[in-house]
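Okay, structure first, notes after.
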Amino acid sequence: MNILCRRIAIAGFGLWAAVSAAQAQVGNDHDGDDCRVFVDDSEGEGRFATDVCSTAYLSRQSSIRVAGVLQQVLRNSFGFGPATVEPAGLSGLIADDAARRLSPSTIFITPTAADAAAAEALTTRLNVWADGRVLYTDYVREAGDLDGPTVSLLAGFDYKLTSKLTLGLLLSTDNSQFESAINDLNSRSIGAGPYMGLVLSDNLVLSASLIGSRINSDQAFGLLDFDTSRVQASTGINGYWYKDTWRFNPGVTLSLSKDWEEEQNGFIGDRTIELGLLTPSLQIGNTLQLSDTVTMEPWAGYAFDWTFHNRTHSPELGTITYSNIDLRLMGGLNFGLGGNAQLAITGEAGGLFLGELDSYSIEANLAVQF
């Protein structure tokens with residue numbers, strides 16, 4: 001009974017904090033460089049942040065994730081890679097030793113761009129893939145003090161109409177569970193939409209996607225219940241330049257999204273969340289031959305996420321608008337398996353330039369071409 005009473009008290013306290021914070025926005029529009037908006041308690045000693053940070057961040061993170069996964073997906077679909085790969089362990093050897101260890105033949109993998117273009121009759125047209133990630137996010141006290149995991153799954157397929165154009169469909173699902181001492185936020189989403197890839201030149205690939213999602217979330221231990229519709233679109237250009245076995249992969253992505261959120265229990269008003277994000281990035285990797293059929297590419301990279309527009313608006317509660325820049329560092333291993341399959345394992349640290357949160361993730365992507 002005591003545990004139940006404490007649970008009810010905490011839930012009521014969390015609801016009061018969230019609703020009070022939201023009501024404090026009325027007539028007090030906020031425009032700044034982060035999402036932290038404060039509300040003093042009745043005695044002026046404590047402060048409670050609105051849930052704007054975590055809710056808007058989920059939308060932002062979804063846009064970043066989809067664009068990043070599509071970069072990997074289209075690279076696999078179009079088969080970008082070095083023309084030849086040096087077996088691991090040959091660096092530093094004298095010519096006679098290298099020749100002896102390569103005997104009786106040199107290993108070749110991906111065909112050259114000229115050979116691939118000549119072979120217009122595609123050997124593989126269908127690319128099927130799946131990508132799973134676990135992300136842990138920790139918000140500072142002023143941004144709500146929530147922390148917890150987000151488990152995400154993306155899966156899809158694309159079909160090459162020509163050697164330079166592929167069209168696909170992807171499905172997405174996310175599950176987030178954030179908690180603090182006085183509040184929580186749980187979110188579940190499912191979405192779907194088309195994507196495309198177009199080879200602009202020997203080195204440049206254009207990508208685009210459009211995804212619609214339905215999201216159900218709750219806060220204050222279930223007392224606040226939200227239903228949300230989201231539309232997000234992205235387009236990007238990625239470059240692939242190879243020097244021997246080294247990959248140099250710059251890119252830039254533009255992402256736009258909008259959420260329409262309704263609170264089902266009538267405690268706070270409906271609101272919209274708009275997001276605009278520009279992300280330049282760079283990856284550098286080196287491919288090694290592990291066996292006759294397996295390659296491995298260690299790589300590292302970074303991405304700057306410029307949120308040039310992030311606007312949360314409610315007709316009843318006012319508007320919060322802010323922009324910021326973040327830096328993400330990432331690295332991983334890309335494996336080529338038998339010529340028509342790839343496995344990528346990626347680790348990432350984000351929030352390096354943000355004052356309101358830190359984030360860490362591990363991700364795996366598997367693709368097979370038929």
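Labeling convention for the structure tokens: chains A, B, ... as they appear, residues from 1 per chain, ligands from 1 in order of appearance.
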Name all residues at most 7 Å from A:Glu297 (count only C-alpha atoms; drop same-chain ones fewer than 3 positions away) and give them as a list of chain:residue names.
-> A:Gly285, A:Asn286, A:Thr287, A:Leu288, A:Leu333, A:Asn334, A:Phe335
Limited to N, CA, C and O atoms, could you put the picked residues into a file as a short mmCIF file (atom, residue, chain, number, x, y, z; two decimals), in the first residue's frame?
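Generated file (result36.cif):
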```
data_model
loop_
_atom_site.label_atom_id
_atom_site.label_comp_id
_atom_site.auth_asym_id
_atom_site.auth_seq_id
_atom_site.Cartn_x
_atom_site.Cartn_y
_atom_site.Cartn_z
N GLY A 285 37.68 5.41 -44.55
CA GLY A 285 37.88 4.01 -44.21
C GLY A 285 38.92 3.35 -45.10
O GLY A 285 39.28 3.87 -46.16
N ASN A 286 39.40 2.18 -44.67
CA ASN A 286 40.39 1.42 -45.43
C ASN A 286 39.98 -0.04 -45.45
O ASN A 286 39.77 -0.65 -44.40
N THR A 287 39.84 -0.61 -46.65
CA THR A 287 39.34 -1.98 -46.81
C THR A 287 40.49 -2.99 -46.84
O THR A 287 41.47 -2.80 -47.55
N LEU A 288 40.33 -4.06 -46.06
CA LEU A 288 41.31 -5.14 -45.99
C LEU A 288 40.65 -6.45 -46.40
O LEU A 288 39.47 -6.67 -46.14
N LEU A 333 33.03 -0.93 -38.22
CA LEU A 333 33.59 -1.95 -39.10
C LEU A 333 32.54 -2.32 -40.13
O LEU A 333 31.40 -2.65 -39.79
N ASN A 334 32.92 -2.28 -41.41
CA ASN A 334 32.06 -2.73 -42.50
C ASN A 334 32.63 -4.02 -43.08
O ASN A 334 33.80 -4.05 -43.51
N PHE A 335 31.82 -5.06 -43.08
CA PHE A 335 32.27 -6.36 -43.61
C PHE A 335 31.56 -6.64 -44.94
O PHE A 335 30.35 -6.47 -45.06
#
```
Counting only C-alpha atoms, what is within 6 Å of A:Ala155, bar same-chain residues fewer than 2 positions away, as a list of chain:residue names?
->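 The contact residues come out as A:Trp129, A:Ala130, A:Leu170, A:Leu171.
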Find the residues near A:Leu210: any atom within 7 Å, counting only C-alpha atoms, skip ones fewer than 4 places away on the same chain, and give them as a VMD selection string.
-> chain A and resid 193 to 195 232 to 234
DSSP says strand (DSSP E) for which residues of stretch 247-367 of chain A? Put them as a VMD selection string?
-> chain A and resid 247 to 263 271 to 286 288 to 289 294 to 314 318 to 337 341 to 350 357 to 367
Can you write out the residues you just picked, keeping C-alpha atoms, as an mmCIF file, in the first residue's frame?
```cif
data_model
loop_
_atom_site.group_PDB
_atom_site.id
_atom_site.type_symbol
_atom_site.label_atom_id
_atom_site.label_comp_id
_atom_site.auth_asym_id
_atom_site.auth_seq_id
_atom_site.Cartn_x
_atom_site.Cartn_y
_atom_site.Cartn_z
ATOM 1 C CA ARG A 247 37.484 5.450 -48.987
ATOM 2 C CA PHE A 248 36.820 9.195 -48.674
ATOM 3 C CA ASN A 249 33.103 9.769 -48.224
ATOM 4 C CA PRO A 250 31.887 13.378 -47.740
ATOM 5 C CA GLY A 251 28.179 14.095 -47.700
ATOM 6 C CA VAL A 252 25.475 16.618 -46.878
ATOM 7 C CA THR A 253 21.825 15.983 -45.959
ATOM 8 C CA LEU A 254 18.794 18.268 -45.589
ATOM 9 C CA SER A 255 15.984 16.944 -43.363
ATOM 10 C CA LEU A 256 12.555 18.459 -42.664
ATOM 11 C CA SER A 257 9.817 17.110 -40.398
ATOM 12 C CA LYS A 258 6.572 18.131 -38.726
ATOM 13 C CA ASP A 259 4.664 16.550 -35.824
ATOM 14 C CA TRP A 260 0.988 17.075 -35.035
ATOM 15 C CA GLU A 261 0.520 16.125 -31.387
ATOM 16 C CA GLU A 262 -2.770 15.721 -29.488
ATOM 17 C CA GLU A 263 -3.051 15.153 -25.729
ATOM 18 C CA ARG A 271 0.794 21.383 -30.406
ATOM 19 C CA THR A 272 2.946 21.104 -33.522
ATOM 20 C CA ILE A 273 6.707 20.504 -33.696
ATOM 21 C CA GLU A 274 8.630 21.602 -36.812
ATOM 22 C CA LEU A 275 12.233 20.677 -37.522
ATOM 23 C CA GLY A 276 14.796 21.730 -40.114
ATOM 24 C CA LEU A 277 18.225 20.099 -40.055
ATOM 25 C CA LEU A 278 21.328 20.395 -42.256
ATOM 26 C CA THR A 279 24.065 17.770 -41.731
ATOM 27 C CA PRO A 280 27.489 17.840 -43.442
ATOM 28 C CA SER A 281 29.552 14.723 -42.724
ATOM 29 C CA LEU A 282 32.739 12.866 -43.575
ATOM 30 C CA GLN A 283 33.820 9.227 -43.317
ATOM 31 C CA ILE A 284 37.258 7.754 -44.052
ATOM 32 C CA GLY A 285 37.884 4.006 -44.208
ATOM 33 C CA ASN A 286 40.394 1.424 -45.430
ATOM 34 C CA LEU A 288 41.309 -5.143 -45.989
ATOM 35 C CA GLN A 289 40.932 -8.653 -47.403
ATOM 36 C CA VAL A 294 35.402 -11.668 -46.709
ATOM 37 C CA THR A 295 36.592 -8.056 -46.531
ATOM 38 C CA MET A 296 36.709 -5.689 -43.561
ATOM 39 C CA GLU A 297 36.758 -1.893 -43.592
ATOM 40 C CA PRO A 298 37.598 -0.063 -40.346
ATOM 41 C CA TRP A 299 36.396 3.522 -40.617
ATOM 42 C CA ALA A 300 35.884 6.718 -38.623
ATOM 43 C CA GLY A 301 33.937 9.896 -39.238
ATOM 44 C CA TYR A 302 32.036 12.855 -37.917
ATOM 45 C CA ALA A 303 28.845 14.783 -38.610
ATOM 46 C CA PHE A 304 27.776 18.340 -37.783
ATOM 47 C CA ASP A 305 24.039 18.625 -37.131
ATOM 48 C CA TRP A 306 22.839 22.192 -37.633
ATOM 49 C CA THR A 307 19.271 22.478 -36.379
ATOM 50 C CA PHE A 308 18.451 25.728 -38.151
ATOM 51 C CA HIS A 309 14.737 25.509 -37.316
ATOM 52 C CA ASN A 310 13.084 23.860 -34.300
ATOM 53 C CA ARG A 311 9.671 25.291 -33.468
ATOM 54 C CA THR A 312 7.148 23.953 -30.956
ATOM 55 C CA HIS A 313 3.820 25.785 -31.131
ATOM 56 C CA SER A 314 0.512 25.532 -29.299
ATOM 57 C CA GLY A 318 2.642 29.798 -27.060
ATOM 58 C CA THR A 319 5.752 29.086 -29.128
ATOM 59 C CA ILE A 320 9.278 27.888 -28.427
ATOM 60 C CA THR A 321 11.793 28.389 -31.249
ATOM 61 C CA TYR A 322 15.481 27.598 -31.062
ATOM 62 C CA SER A 323 18.466 26.499 -33.130
ATOM 63 C CA ASN A 324 21.740 24.790 -32.293
ATOM 64 C CA ILE A 325 24.728 22.896 -33.652
ATOM 65 C CA ASP A 326 25.899 19.483 -32.510
ATOM 66 C CA LEU A 327 28.892 17.289 -33.293
ATOM 67 C CA ARG A 328 28.673 13.502 -33.519
ATOM 68 C CA LEU A 329 31.744 11.240 -33.677
ATOM 69 C CA MET A 330 31.361 7.763 -35.104
ATOM 70 C CA GLY A 331 33.325 4.736 -36.197
ATOM 71 C CA GLY A 332 32.867 1.104 -37.011
ATOM 72 C CA LEU A 333 33.588 -1.947 -39.103
ATOM 73 C CA ASN A 334 32.059 -2.727 -42.504
ATOM 74 C CA PHE A 335 32.267 -6.355 -43.608
ATOM 75 C CA GLY A 336 31.790 -7.647 -47.148
ATOM 76 C CA LEU A 337 30.489 -11.216 -47.087
ATOM 77 C CA ALA A 341 26.103 -9.372 -48.537
ATOM 78 C CA GLN A 342 27.355 -6.734 -46.115
ATOM 79 C CA LEU A 343 27.395 -6.346 -42.343
ATOM 80 C CA ALA A 344 28.129 -2.989 -40.701
ATOM 81 C CA ILE A 345 28.675 -2.381 -36.980
ATOM 82 C CA THR A 346 28.760 1.268 -35.865
ATOM 83 C CA GLY A 347 29.307 3.110 -32.607
ATOM 84 C CA GLU A 348 28.500 6.787 -32.102
ATOM 85 C CA ALA A 349 28.737 9.547 -29.485
ATOM 86 C CA GLY A 350 26.507 12.622 -29.819
ATOM 87 C CA LEU A 357 22.100 16.090 -23.377
ATOM 88 C CA ASP A 358 24.664 13.400 -24.162
ATOM 89 C CA SER A 359 23.942 10.337 -26.290
ATOM 90 C CA TYR A 360 25.674 7.056 -27.139
ATOM 91 C CA SER A 361 24.615 4.321 -29.553
ATOM 92 C CA ILE A 362 25.551 0.960 -31.051
ATOM 93 C CA GLU A 363 24.105 -0.104 -34.389
ATOM 94 C CA ALA A 364 24.175 -3.078 -36.774
ATOM 95 C CA ASN A 365 23.144 -3.148 -40.448
ATOM 96 C CA LEU A 366 22.797 -6.267 -42.612
ATOM 97 C CA ALA A 367 22.152 -6.133 -46.375
#
```
Separating atom CA of A:Thr123 from atom CA of A:Thr235, to the nearest tenth of an Å, is a gap of 27.6 Å
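The shortest atom-to-atom distance to A:Leu153, with only C-alpha atoms taken into account, belongs to A:Ser62 out of A:Asn186, A:Ser62, A:Thr166, A:Asn127.
You can rank A:Leu317, A:Leu74, A:Ile215, A:Val85 by their closest distance to A:Ser189 using only C-alpha atoms, and at the top of that list sits A:Ile215.
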What is the atom CA of A:Arg65-atom CA of A:Ala192 distance in Å, reported with one decimal?
->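 Atom CA of A:Arg65 sits 14.0 Å away from atom CA of A:Ala192.
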Looking at only C-alpha atoms, which of A:Ile237, A:Leu223, A:Ala83, A:Val140 is the one that sits closest to A:Asp184?
->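 Smallest separation from A:Asp184 among the options: A:Leu223.
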Which residue, A:Arg230, A:Trp241, A:Asp174, A:Arg60, has the smallest gap to A:Ser201 when you use only C-alpha atoms?
->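 Looking only at the distances to A:Ser201, the closest residue turns out to be A:Trp241.
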Counting only C-alpha atoms, closest pick from A:Ala220, A:Val151, A:Met196, A:Ile182 relative to A:Ala67 is A:Met196
Between A:Asp138, A:Asp202, A:Glu179, A:Asp244, which is the closest to A:Gln219 once you count only C-alpha atoms?
->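 Of A:Asp138, A:Asp202, A:Glu179, A:Asp244, the one nearest A:Gln219 is A:Glu179, counting only C-alpha atoms.
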